[in-house]
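Here is the structure we will look at.
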Protein chains: 2
Amino acid sequence: MELFQDISKVPLSKVVMLHIKNAILSGQLKFKDKIPPERELAAGFKVSRNMVREAIRALEMAGYLEIRQGPKGGAFVREFTPDRLSDGFLDYYIAQKLNIKELNDVRLHIEPEVARLAAEKMTSDNSHRLQKVVDDEYMADPIDDRVTNLTDFHRVLAEVSGNYFYEIIINVLVSITKEIVVAGYRKGDAVVHGTGQHNEILEAVLGRKPDRAAEAMRDHLTKFSQGLIGLEKEYRKRMNIK
Amino acid sequence: MELFQDISKVPLSKVVMLHIKNAILSGQLKFKDKIPPERELAAGFKVSRNMVREAIRALEMAGYLEIRQGPKGGAFVREFTPDRLSDGFLDYYIAQKLNIKELNDVRLHIEPEVARLAAEKMTSDNSHRLQKVVDDEYMADPIDDRVTNLTDFHRVLAEVSGNYFYEIIINVLVSITKEIVVAGYRKGDAVVHGTGQHNEILEAVLGRKPDRAAEAMRDHLTKFSQGLIGLEKEYRKRMNIK
DNA sequence: GTTGGTTTAAGGTTCAACCAATATGATGAT
DNA sequence: ATCATCATATTGGTTGAACCTTAAACCAAC
C-alpha cells in the first residue's frame, strides 16, 4: 500500500537551523543583527538548548553567523561576501577532486572576459581602487600578505566587472591558487610572479580598451600558469608526507 | 609584548569537526566509510558527546556525512559530487545577492566553451549517455522531474568536457535555473523550453564539430534566457508575499 | 515460512549544572 | 574628580547522565 509512507524524520536541530537560515535569507534578519540568546530560542522553539546549539554551530561553521561570548555577545548575522563559498571548493581541491590544470583552463577562459567587462564598465571611482591595489603590490612582506596583495588585483577587477557571480568564481580560483603558492613556498624562493605584471592589464582597463584588456589578461595568465603546475606537484608531495 | 598571544579560543566542537574533515579530505576516510560511534569518539577525543555531535551535525549539514540510525547505523562519508556546492550558491540567489541577468551572462560565456570542449573530447562511450539524456527529455511528467531531465543535458555535457570545475559551475547555474522554473510554474504553463531544443547541439557534439557546438549552444541559451527574466520576477514576487 | 516480539547498537533529545568571557556599573584610592 | 579595580550579570562553552527512538538481527510461535 502507498498510504502511510515516508514520515521522514528531520532532526530537530535541522529544523531549527532551517528556521534561522530562512530568517536570514528572507531578510528578516540582516547583516549585524543578533539572533536571540540560545536559552530564549530553546524556550521559543520548545526544544532543548542542545538542539539550538547544534543549529547555530552548523550555521556558524558554514559562515552565516559569527558568535561572540559575554554580555552583548551572541550570534550575529555575517555579511554575504563573495569569498564565503571558496572554502568548499578548496576542500574539493585538497581532496584531489580538482587539479591546477583544470583551474588554469577555466581561468584562461573566464578572466579575459572579466577584464573585458571591467574595461567596459570602468569609472573614475573604481580607477583609484584598482590603481591603489597595483601600487600596494610592492609592499607587504610575509609571503601570505604578499600573495594576498597580488591576488587582490584579480578580485577587484572582478568587482569592477559588475557581475557578482564572476566575483565569486574569481575568489574561488584565486583562493586555491593562493593556497598552493603559500603552502609551496620556501624561504628565498622567488614568488610566483613578481610585481608589475599587472601593469599592462591595468593600463588597458583604465584606458577602457576591452579587447586589449582581455588580451593582456590572457598573456598574464599564460605566463605564470606554467609555474603553478610545478608548485602543485610540490604541494601534493608535502601533503602526502604529512 | 607579542609573545603569548592570540590563544584564540577555538570551540571544541570545531576542533573535532576539523579532525574528522581532515581525515576525509586526506583520504584516511573514504566514500562509504563509517566514522566511529559518537560515544567512542567522545571517549577518544576526551570531550563530551555533545561536542562530537555538534561536529558531526555540522559536517552532515555541509554534505560531508550521511547519518543513519539503528545498529549498523552511524555517520558515513558521502561521495564528493559536483552538485554539493550548489546549495551555497542558491542561498546567495535567494538572498538576492545574485540575479538571473548575471547568471545568464555567465552561462552565455561559459556553456559554449563547455560544448566546444565536449565536442572535442567526445568518445563513443559518452555518446550513448548524451543521446539517452536527449531521448529521455520526452518522458517524465511532474514539473520537477521534467525540468531535471532537461537540465541533465547540460550536466552531462559538462561531464563530457572533462573539466570538473566546469561540471561544478554548470551544476550551480542549472540548479538555480531549476529553482526559478519549478517555483515559478503554474499548472498549464508551457515549460520554459520544450523538448528537442538540444538537438542541434547534440548533433554538433556527436559529430565532433567544436565550433558548431559552441554556436548551437549560444543560440539555445539566447533563445530561452529571455523567458527566465520574466520567471524571476514572478519568483521574487511570490517569495516576498510569503 | 511468515508474523510478531525481543534484544541491542547505534543515533536523537532532554535536563541540569557549572565554567569562561566580557560589558557595565559600583567601589574606592589617589 | 579621575582612574583603576572589583563585583555582577549576561551570554556562550562544556560536561555528564539519563532516557527515547530507530532498525537490524535473532528468535519463537503459529
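Letters A, B, ... mark the chains of the C-alpha cells in the order given; residue numbers begin at 1 per chain; ligand numbers begin at 1, in order shown.
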- Compute the chain D side of the contact with chain A at 6 Å, counting only C-alpha atoms (C1' of nucleotides), and hand it back as a list in words. DT10, DT11 and DG12 of chain D
- Message: Distance limit 8 Å, atoms considered: only C-alpha atoms (C1' of nucleotides). Which chain C residues sit that close to chain A? Return them as a list in words.
- Response: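 In the required form, that comes to DG12, DT13, DT14, DA21, DT22 and DA23 of chain C.
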With C-alpha atoms (C1' of nucleotides) kept, could you save the residues just selected as an mmCIF file, in the first residue's frame?
data_model
loop_
_atom_site.group_PDB
_atom_site.id
_atom_site.type_symbol
_atom_site.label_atom_id
_atom_site.label_comp_id
_atom_site.auth_asym_id
_atom_site.auth_seq_id
_atom_site.Cartn_x
_atom_site.Cartn_y
_atom_site.Cartn_z
ATOM 1 C "C1'" DG C 12 18.106 11.697 18.980
ATOM 2 C "C1'" DT C 13 16.795 14.582 22.794
ATOM 3 C "C1'" DT C 14 16.432 16.442 27.274
ATOM 4 C "C1'" DA C 21 34.435 35.562 28.711
ATOM 5 C "C1'" DT C 22 33.233 40.214 28.898
ATOM 6 C "C1'" DA C 23 30.335 44.657 29.226
#
- For DA26 in chain C: contacts at 12 Å, only C-alpha atoms (C1' of nucleotides), fewer than 5 positions along chain excluded, given as a list in words: DT5, DC6, DA7 and DT8 of chain D
Kindly save the residues from that selection, with N, CA and C atoms (P, O5', C5', C4', C3', O3' and C1' of nucleotides) included, as a compact mmCIF listing (two decimals), in the first residue's frame.
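To be explicit, this is the file written out as out33.txt:
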# COMPACT_ATOMS: atom_id res chain seq x y z
P DT D 5 44.70 48.41 38.51
O5' DT D 5 43.43 47.91 39.34
C5' DT D 5 43.19 48.45 40.66
C4' DT D 5 41.90 47.86 41.18
C3' DT D 5 41.65 46.40 40.77
O3' DT D 5 41.25 45.66 41.91
C1' DT D 5 39.77 47.70 40.27
P DC D 6 41.41 44.07 41.94
O5' DC D 6 40.05 43.69 42.66
C5' DC D 6 39.39 44.63 43.54
C4' DC D 6 37.89 44.53 43.34
C3' DC D 6 37.36 43.11 43.11
O3' DC D 6 36.37 42.85 44.09
C1' DC D 6 36.45 44.61 41.52
P DA D 7 35.77 41.44 44.28
O5' DA D 7 34.28 41.71 43.83
C5' DA D 7 33.55 42.77 44.42
C4' DA D 7 32.18 42.86 43.80
C3' DA D 7 31.46 41.52 43.66
O3' DA D 7 30.09 41.73 44.02
C1' DA D 7 31.69 42.54 41.51
P DT D 8 29.06 40.56 43.99
O5' DT D 8 28.38 40.83 42.57
C5' DT D 8 27.87 42.13 42.27
C4' DT D 8 27.18 42.09 40.93
C3' DT D 8 26.41 40.79 40.65
O3' DT D 8 25.18 41.16 40.04
C1' DT D 8 27.91 41.20 38.89
- Message: What are the residues of chain A lining chain B at 10 Å or less? Count only C-alpha atoms, and put the answer as a PyMOL selection string.
- Response: chain A and resi 11+13-14+17+21-22+24-27+50-51+53-62+80-82+84-86+88-89+91-99+101-103+105-106+109-110+113+162-166+168-169+173+239-240+242
- Those of range 3-179 of chain B in DSSP helix (DSSP H, G or I), formatted as number ranges by chain: B: 12-25, 38-45, 49-61, 86-94, 100-121, 124-136, 143-161, 164-179
- Polymer residues at most 9 Å from Thr151 in chain A, only C-alpha atoms (C1' of nucleotides), same-chain spacing of 5 or more positions, as an MDAnalysis selection string: chainID A and resid 146 156 171 174:175 177:178
- Message: One number please: CA of Lys121 in chain A to CA of Glu215 in chain A, in Å, one decimal.
- Response: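 Separating CA of Lys121 in chain A from CA of Glu215 in chain A is a distance of 16.9 Å.
Taking only C-alpha atoms (C1' of nucleotides), the non-local environment of range 218-221 of chain B within 8 Å (same-chain residues fewer than 6 positions away omitted) comprises Arg107, Leu108, Glu111, Pro112, Gln197 and His198 of chain B.
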Could the residues in this selection be written to a file with N, CA and C atoms, as a PDB file, in the first residue's frame?
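To be explicit, this is the file written out as out-v1.pdb:
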ATOM      1  N   ARG B 107      26.484  32.126 -18.055  1.00  0.00           N
ATOM      2  CA  ARG B 107      26.193  30.915 -18.832  1.00  0.00           C
ATOM      3  C   ARG B 107      26.522  31.122 -20.295  1.00  0.00           C
ATOM      4  N   LEU B 108      26.167  32.286 -20.787  1.00  0.00           N
ATOM      5  CA  LEU B 108      26.386  32.552 -22.208  1.00  0.00           C
ATOM      6  C   LEU B 108      27.873  32.582 -22.542  1.00  0.00           C
ATOM      7  N   GLU B 111      29.027  28.207 -21.210  1.00  0.00           N
ATOM      8  CA  GLU B 111      28.499  26.969 -21.778  1.00  0.00           C
ATOM      9  C   GLU B 111      28.908  26.707 -23.223  1.00  0.00           C
ATOM     10  N   PRO B 112      29.012  27.722 -24.062  1.00  0.00           N
ATOM     11  CA  PRO B 112      29.526  27.430 -25.401  1.00  0.00           C
ATOM     12  C   PRO B 112      30.923  26.810 -25.344  1.00  0.00           C
ATOM     13  N   GLN B 197      15.011  20.980 -28.184  1.00  0.00           N
ATOM     14  CA  GLN B 197      15.843  22.174 -28.393  1.00  0.00           C
ATOM     15  C   GLN B 197      17.332  21.901 -28.219  1.00  0.00           C
ATOM     16  N   HIS B 198      17.640  20.713 -27.774  1.00  0.00           N
ATOM     17  CA  HIS B 198      19.059  20.386 -27.618  1.00  0.00           C
ATOM     18  C   HIS B 198      19.610  19.646 -28.833  1.00  0.00           C
TER      19      HIS B 198
END
- Work out how far apart CA of Met139 in chain B and CA of Asp125 in chain B are and give it in Å to one decimal.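 The value is 23.0 Å.
With CA of Ala213 in chain A on one side and CA of Ile143 in chain A on the other, the separation reads 27.8 Å.
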- Message: Considering only C-alpha atoms (C1' of nucleotides), can you say which of D:DT2, D:DC30, D:DA24, D:DC19 comes closest to DA9 in chain C?
- Response: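 With only C-alpha atoms (C1' of nucleotides) as the atom set, the closest residue is D:DA24.
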Name the residues in contact with DG5 in chain C at a cut-off of 10 Å, using only C-alpha atoms (C1' of nucleotides), excluding same-chain residues fewer than 3 positions from it; report them as an mmCIF file with C-alpha atoms (C1' of nucleotides), in the first residue's frame.
data_model
loop_
_atom_site.group_PDB
_atom_site.id
_atom_site.type_symbol
_atom_site.label_atom_id
_atom_site.label_comp_id
_atom_site.auth_asym_id
_atom_site.auth_seq_id
_atom_site.Cartn_x
_atom_site.Cartn_y
_atom_site.Cartn_z
ATOM 1 C "C1'" DC D 27 14.072 -15.959 17.855
ATOM 2 C "C1'" DA D 28 9.709 -18.014 18.878
ATOM 3 C "C1'" DA D 29 5.099 -19.115 17.831
#
- Task: Please run DSSP on the backbone and report, as a list in words, all residues within range 8-229 of chain A that come out as strand (DSSP E).
- Result: Lys34, Ile35, Leu65, Glu66, Ile67, Arg68, Gly74, Ala75, Phe76 and Val77 of chain A
Keeping only N, CA and C atoms, write those residues as a PDB file, in the first residue's frame.
ATOM      1  N   LYS A  34      21.396  40.508  15.644  1.00  0.00           N
ATOM      2  CA  LYS A  34      21.697  39.460  16.610  1.00  0.00           C
ATOM      3  C   LYS A  34      20.504  38.529  16.741  1.00  0.00           C
ATOM      4  N   ILE A  35      20.763  37.248  16.692  1.00  0.00           N
ATOM      5  CA  ILE A  35      19.653  36.339  16.950  1.00  0.00           C
ATOM      6  C   ILE A  35      19.519  36.180  18.454  1.00  0.00           C
ATOM      7  N   LEU A  65      26.849  32.823  10.515  1.00  0.00           N
ATOM      8  CA  LEU A  65      26.813  33.505  11.802  1.00  0.00           C
ATOM      9  C   LEU A  65      28.211  33.698  12.371  1.00  0.00           C
ATOM     10  N   GLU A  66      28.294  34.708  13.219  1.00  0.00           N
ATOM     11  CA  GLU A  66      29.531  34.926  13.962  1.00  0.00           C
ATOM     12  C   GLU A  66      29.138  34.984  15.423  1.00  0.00           C
ATOM     13  N   ILE A  67      29.864  34.268  16.253  1.00  0.00           N
ATOM     14  CA  ILE A  67      29.461  34.161  17.641  1.00  0.00           C
ATOM     15  C   ILE A  67      30.443  34.888  18.555  1.00  0.00           C
ATOM     16  N   ARG A  68      29.897  35.641  19.450  1.00  0.00           N
ATOM     17  CA  ARG A  68      30.734  36.295  20.459  1.00  0.00           C
ATOM     18  C   ARG A  68      30.196  35.966  21.843  1.00  0.00           C
ATOM     19  N   GLY A  74      26.593  36.948  21.625  1.00  0.00           N
ATOM     20  CA  GLY A  74      25.517  36.231  20.956  1.00  0.00           C
ATOM     21  C   GLY A  74      25.915  35.856  19.543  1.00  0.00           C
ATOM     22  N   ALA A  75      24.944  35.434  18.758  1.00  0.00           N
ATOM     23  CA  ALA A  75      25.209  35.042  17.379  1.00  0.00           C
ATOM     24  C   ALA A  75      24.726  36.141  16.450  1.00  0.00           C
ATOM     25  N   PHE A  76      25.640  36.655  15.643  1.00  0.00           N
ATOM     26  CA  PHE A  76      25.316  37.770  14.761  1.00  0.00           C
ATOM     27  C   PHE A  76      25.375  37.338  13.298  1.00  0.00           C
ATOM     28  N   VAL A  77      24.471  37.889  12.526  1.00  0.00           N
ATOM     29  CA  VAL A  77      24.439  37.570  11.097  1.00  0.00           C
ATOM     30  C   VAL A  77      25.665  38.155  10.412  1.00  0.00           C
TER      31      VAL A  77
END
- Query: If you count only C-alpha atoms (C1' of nucleotides), which residues fall within 9 Å of Ala214 in chain A, apart from same-chain ones fewer than 3 positions away, as a list in words?
  - Reply: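 Contacts, in chain order: Glu111, Pro112, Glu113, Val114, Ala115, Arg116, Leu117, Ala119, Ile201, Ala204, Val205, Lys209, Pro210, Asp211, Met217, Arg218 and Asp219 of chain A.
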